[in-house]
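K.L.:
Below is the file query22.txt, with compact mmCIF, C-alpha atoms.
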# COMPACT_ATOMS: atom_id res chain seq x y z
CA MET A 22 224.95 66.44 49.02
CA THR A 23 225.43 69.72 50.83
CA CYS A 24 228.36 71.97 50.00
CA ARG A 25 230.82 72.25 52.91
CA SER A 26 231.40 75.93 52.13
CA CYS A 27 227.69 76.77 52.27
CA THR A 28 226.71 74.74 55.33
CA GLY A 29 225.99 77.07 58.23
CA HIS A 30 226.16 80.17 56.01
CA HIS A 31 223.78 82.19 53.90
CA PRO A 32 224.67 81.54 50.21
CA VAL A 33 224.13 84.50 47.88
CA ARG A 34 224.03 83.81 44.13
CA LEU A 35 226.01 86.52 42.33
CA GLN A 36 226.16 85.31 38.72
CA THR A 37 225.06 82.31 36.69
CA PHE A 38 226.48 80.83 33.52
CA PRO A 39 224.49 78.28 31.46
CA ALA A 40 226.09 74.83 31.52
CA TRP A 41 225.28 74.22 27.85
CA ASP A 42 228.04 76.73 27.08
CA PRO A 43 231.30 74.73 27.06
CA ARG A 44 233.18 77.77 28.40
CA ALA A 45 230.80 78.35 31.34
CA SER A 46 232.99 76.86 34.05
CA LEU A 47 236.03 78.59 32.56
CA THR A 48 234.16 81.91 32.75
CA ALA A 49 232.72 81.31 36.23
CA ALA A 50 236.07 80.58 37.89
CA PRO A 51 237.68 83.97 37.07
CA ALA A 52 234.42 85.74 37.99
CA ALA A 53 234.58 84.08 41.43
CA ALA A 54 238.26 84.96 41.81
CA GLU A 55 237.58 88.59 40.89
CA GLU A 56 234.72 88.86 43.40
CA ARG A 57 236.86 87.18 46.06
CA SER A 58 239.72 89.64 45.52
CA ARG A 59 237.37 92.64 45.34
CA THR A 60 235.40 91.90 48.51
CA GLY A 61 237.59 89.53 50.52
CA ALA A 62 234.48 87.42 51.14
CA PRO A 63 234.42 83.65 50.62
CA VAL A 64 233.28 83.04 47.03
CA HIS A 65 233.17 79.77 45.09
CA VAL A 66 231.52 78.14 42.05
CA HIS A 67 228.66 75.64 42.24
CA TYR A 68 227.17 73.46 39.55
CA ASP A 69 223.41 73.85 39.90
CA ALA A 70 221.86 70.63 38.55
CA ILE A 71 218.30 71.94 38.83
CA HIS A 72 218.96 74.94 36.58
CA ASP A 73 221.82 73.27 34.64
CA SER A 74 224.16 76.17 35.26
CA PHE A 75 227.33 77.17 37.02
CA ALA A 76 226.72 79.73 39.74
CA VAL A 77 229.14 82.07 41.49
CA ILE A 78 228.19 81.94 45.18
CA ARG A 79 229.24 84.18 48.06
CA THR A 80 228.73 82.69 51.51
CA ASP A 81 227.78 85.29 54.08
CA ALA A 82 227.64 84.52 57.78
CA ALA A 83 224.24 83.20 58.74
CA GLN A 84 222.03 85.79 60.39
CA ILE A 85 220.81 84.54 63.77
CA THR A 86 217.83 86.39 65.14
CA THR A 87 216.31 85.94 68.55
CA VAL A 88 212.81 86.94 69.48
Give the structure from this file in structure tokens form.

P.N.:
Amino acid sequence: MTCRSCTGHHPVRLQTFPAWDPRASLTAAPAAAEERSRTGAPVHVHYDAIHDSFAVIRTDAAQITTV
């Protein structure tokens, strides 16, 4: 399932926290809030099932190039 926040944008992974750590999601949420307040950019937390981690993601506007 695709994330609504990332669809149509360029997701940039800023930080990752291993999911085996029970405090990972509790650490990722404030990191996302801090980045959001610092930059004003849309930032959220994903659970990455492939890498079994929580990732702080910034969604930049997709770059459209024409040739």

K.L.:
Measuring between only C-alpha atoms, which one of A:Cys27, A:Asp81, A:Thr60, A:Val66 shows the shortest distance to A:Leu47?

P.N.:
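Closest to A:Leu47 of all the choices is A:Val66.
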
K.L.:
Near stretch 24-26 of chain A, counting only C-alpha atoms, which residues have an atom at most 9 Å away, once you skip same-chain residues fewer than 2 positions from it, shown as a list in words?

P.N.:
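Neighbouring residues, sequence-local ones excluded: Met22, Thr28, Gly29, His30, Pro32, Pro63, Val64, His65, His67 and Thr80 of chain A.
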
K.L.:
For atom CA of A:Gly61 and atom CA of A:Phe75, determine how far apart the two atoms are, in Å to one decimal place.

P.N.:
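Answer for the atom CA of A:Gly61 to atom CA of A:Phe75 separation: 21.0 Å.
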
K.L.:
Please provide the set of residues having any atom within 7 Å of A:Phe38, restricted to only C-alpha atoms, with same-chain residues fewer than 5 positions apart removed, written as a ChimeraX atom specification.

P.N.:
/A:45,49,74-76

K.L.:
Expressed in Å to a single decimal, how great is the separation between atom CA of A:Glu56 and atom CA of A:Ala40?

P.N.:
20.3 Å

K.L.:
One decimal, Å: what's the distance from atom CA of A:Ala70 over to atom CA of A:Ala54, could you say?

P.N.:
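Interatomic distance, atom CA of A:Ala70 to atom CA of A:Ala54: 22.0 Å.
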
K.L.:
So, with all atoms listed in the file as the atoms that count, which of A:Ala62, A:Asp73, A:Ala53, A:Tyr68 lies closest to A:Trp41?

P.N.:
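Using all atoms listed in the file, the shortest distance to A:Trp41 belongs to A:Asp73.
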
K.L.:
Would you compute an axis-aligned box for stretch 56-75 of chain A, covering every atom listed for it in the file with 4 Å of margin on each side, and report centre and edge lengths in Å to one decimal as JSON?

P.N.:
{"center_x": 229.0, "center_y": 81.6, "center_z": 42.9, "size_x": 29.4, "size_y": 30.0, "size_z": 24.5}

K.L.:
Mind completing stretch 64-82 of chain A with N, CA and C atoms? Output as a JSON list (two decimals), keeping the file's coordinate frame, please?

P.N.:
[["chain", "number", "residue", "atom", "x", "y", "z"],
["A", 64, "VAL", "N", 234.05, 83.19, 48.26],
["A", 64, "VAL", "CA", 233.28, 83.04, 47.03],
["A", 64, "VAL", "C", 233.75, 81.76, 46.34],
["A", 65, "HIS", "N", 232.81, 80.99, 45.81],
["A", 65, "HIS", "CA", 233.17, 79.77, 45.09],
["A", 65, "HIS", "C", 232.14, 79.51, 43.99],
["A", 66, "VAL", "N", 232.39, 78.48, 43.18],
["A", 66, "VAL", "CA", 231.52, 78.14, 42.05],
["A", 66, "VAL", "C", 230.80, 76.84, 42.36],
["A", 67, "HIS", "N", 229.50, 76.83, 42.10],
["A", 67, "HIS", "CA", 228.66, 75.64, 42.24],
["A", 67, "HIS", "C", 228.17, 75.22, 40.87],
["A", 68, "TYR", "N", 227.96, 73.92, 40.69],
["A", 68, "TYR", "CA", 227.17, 73.46, 39.55],
["A", 68, "TYR", "C", 225.76, 73.25, 40.07],
["A", 69, "ASP", "N", 224.80, 73.94, 39.49],
["A", 69, "ASP", "CA", 223.41, 73.85, 39.90],
["A", 69, "ASP", "C", 222.71, 72.89, 38.95],
["A", 70, "ALA", "N", 222.46, 71.66, 39.40],
["A", 70, "ALA", "CA", 221.86, 70.63, 38.55],
["A", 70, "ALA", "C", 220.41, 70.95, 38.20],
["A", 71, "ILE", "N", 219.71, 71.62, 39.09],
["A", 71, "ILE", "CA", 218.30, 71.94, 38.83],
["A", 71, "ILE", "C", 218.18, 72.91, 37.66],
["A", 72, "HIS", "N", 219.02, 73.94, 37.64],
["A", 72, "HIS", "CA", 218.96, 74.94, 36.58],
["A", 72, "HIS", "C", 220.00, 74.70, 35.48],
["A", 73, "ASP", "N", 220.77, 73.63, 35.60],
["A", 73, "ASP", "CA", 221.82, 73.27, 34.64],
["A", 73, "ASP", "C", 222.71, 74.48, 34.34],
["A", 74, "SER", "N", 223.30, 75.00, 35.41],
["A", 74, "SER", "CA", 224.16, 76.17, 35.26],
["A", 74, "SER", "C", 225.27, 76.14, 36.31],
["A", 75, "PHE", "N", 226.29, 76.93, 36.04],
["A", 75, "PHE", "CA", 227.33, 77.17, 37.02],
["A", 75, "PHE", "C", 227.01, 78.49, 37.69],
["A", 76, "ALA", "N", 227.08, 78.53, 39.01],
["A", 76, "ALA", "CA", 226.72, 79.73, 39.74],
["A", 76, "ALA", "C", 227.89, 80.18, 40.61],
["A", 77, "VAL", "N", 228.14, 81.47, 40.61],
["A", 77, "VAL", "CA", 229.14, 82.07, 41.49],
["A", 77, "VAL", "C", 228.41, 82.41, 42.78],
["A", 78, "ILE", "N", 228.87, 81.82, 43.89],
["A", 78, "ILE", "CA", 228.19, 81.94, 45.18],
["A", 78, "ILE", "C", 229.10, 82.61, 46.20],
["A", 79, "ARG", "N", 228.55, 83.60, 46.91],
["A", 79, "ARG", "CA", 229.24, 84.18, 48.06],
["A", 79, "ARG", "C", 228.55, 83.65, 49.31],
["A", 80, "THR", "N", 229.33, 83.21, 50.29],
["A", 80, "THR", "CA", 228.73, 82.69, 51.51],
["A", 80, "THR", "C", 228.90, 83.71, 52.62],
["A", 81, "ASP", "N", 227.80, 84.32, 52.98],
["A", 81, "ASP", "CA", 227.78, 85.29, 54.08],
["A", 81, "ASP", "C", 227.53, 84.53, 55.38],
["A", 82, "ALA", "N", 227.93, 85.11, 56.47],
["A", 82, "ALA", "CA", 227.64, 84.52, 57.78],
["A", 82, "ALA", "C", 226.14, 84.46, 57.97]]
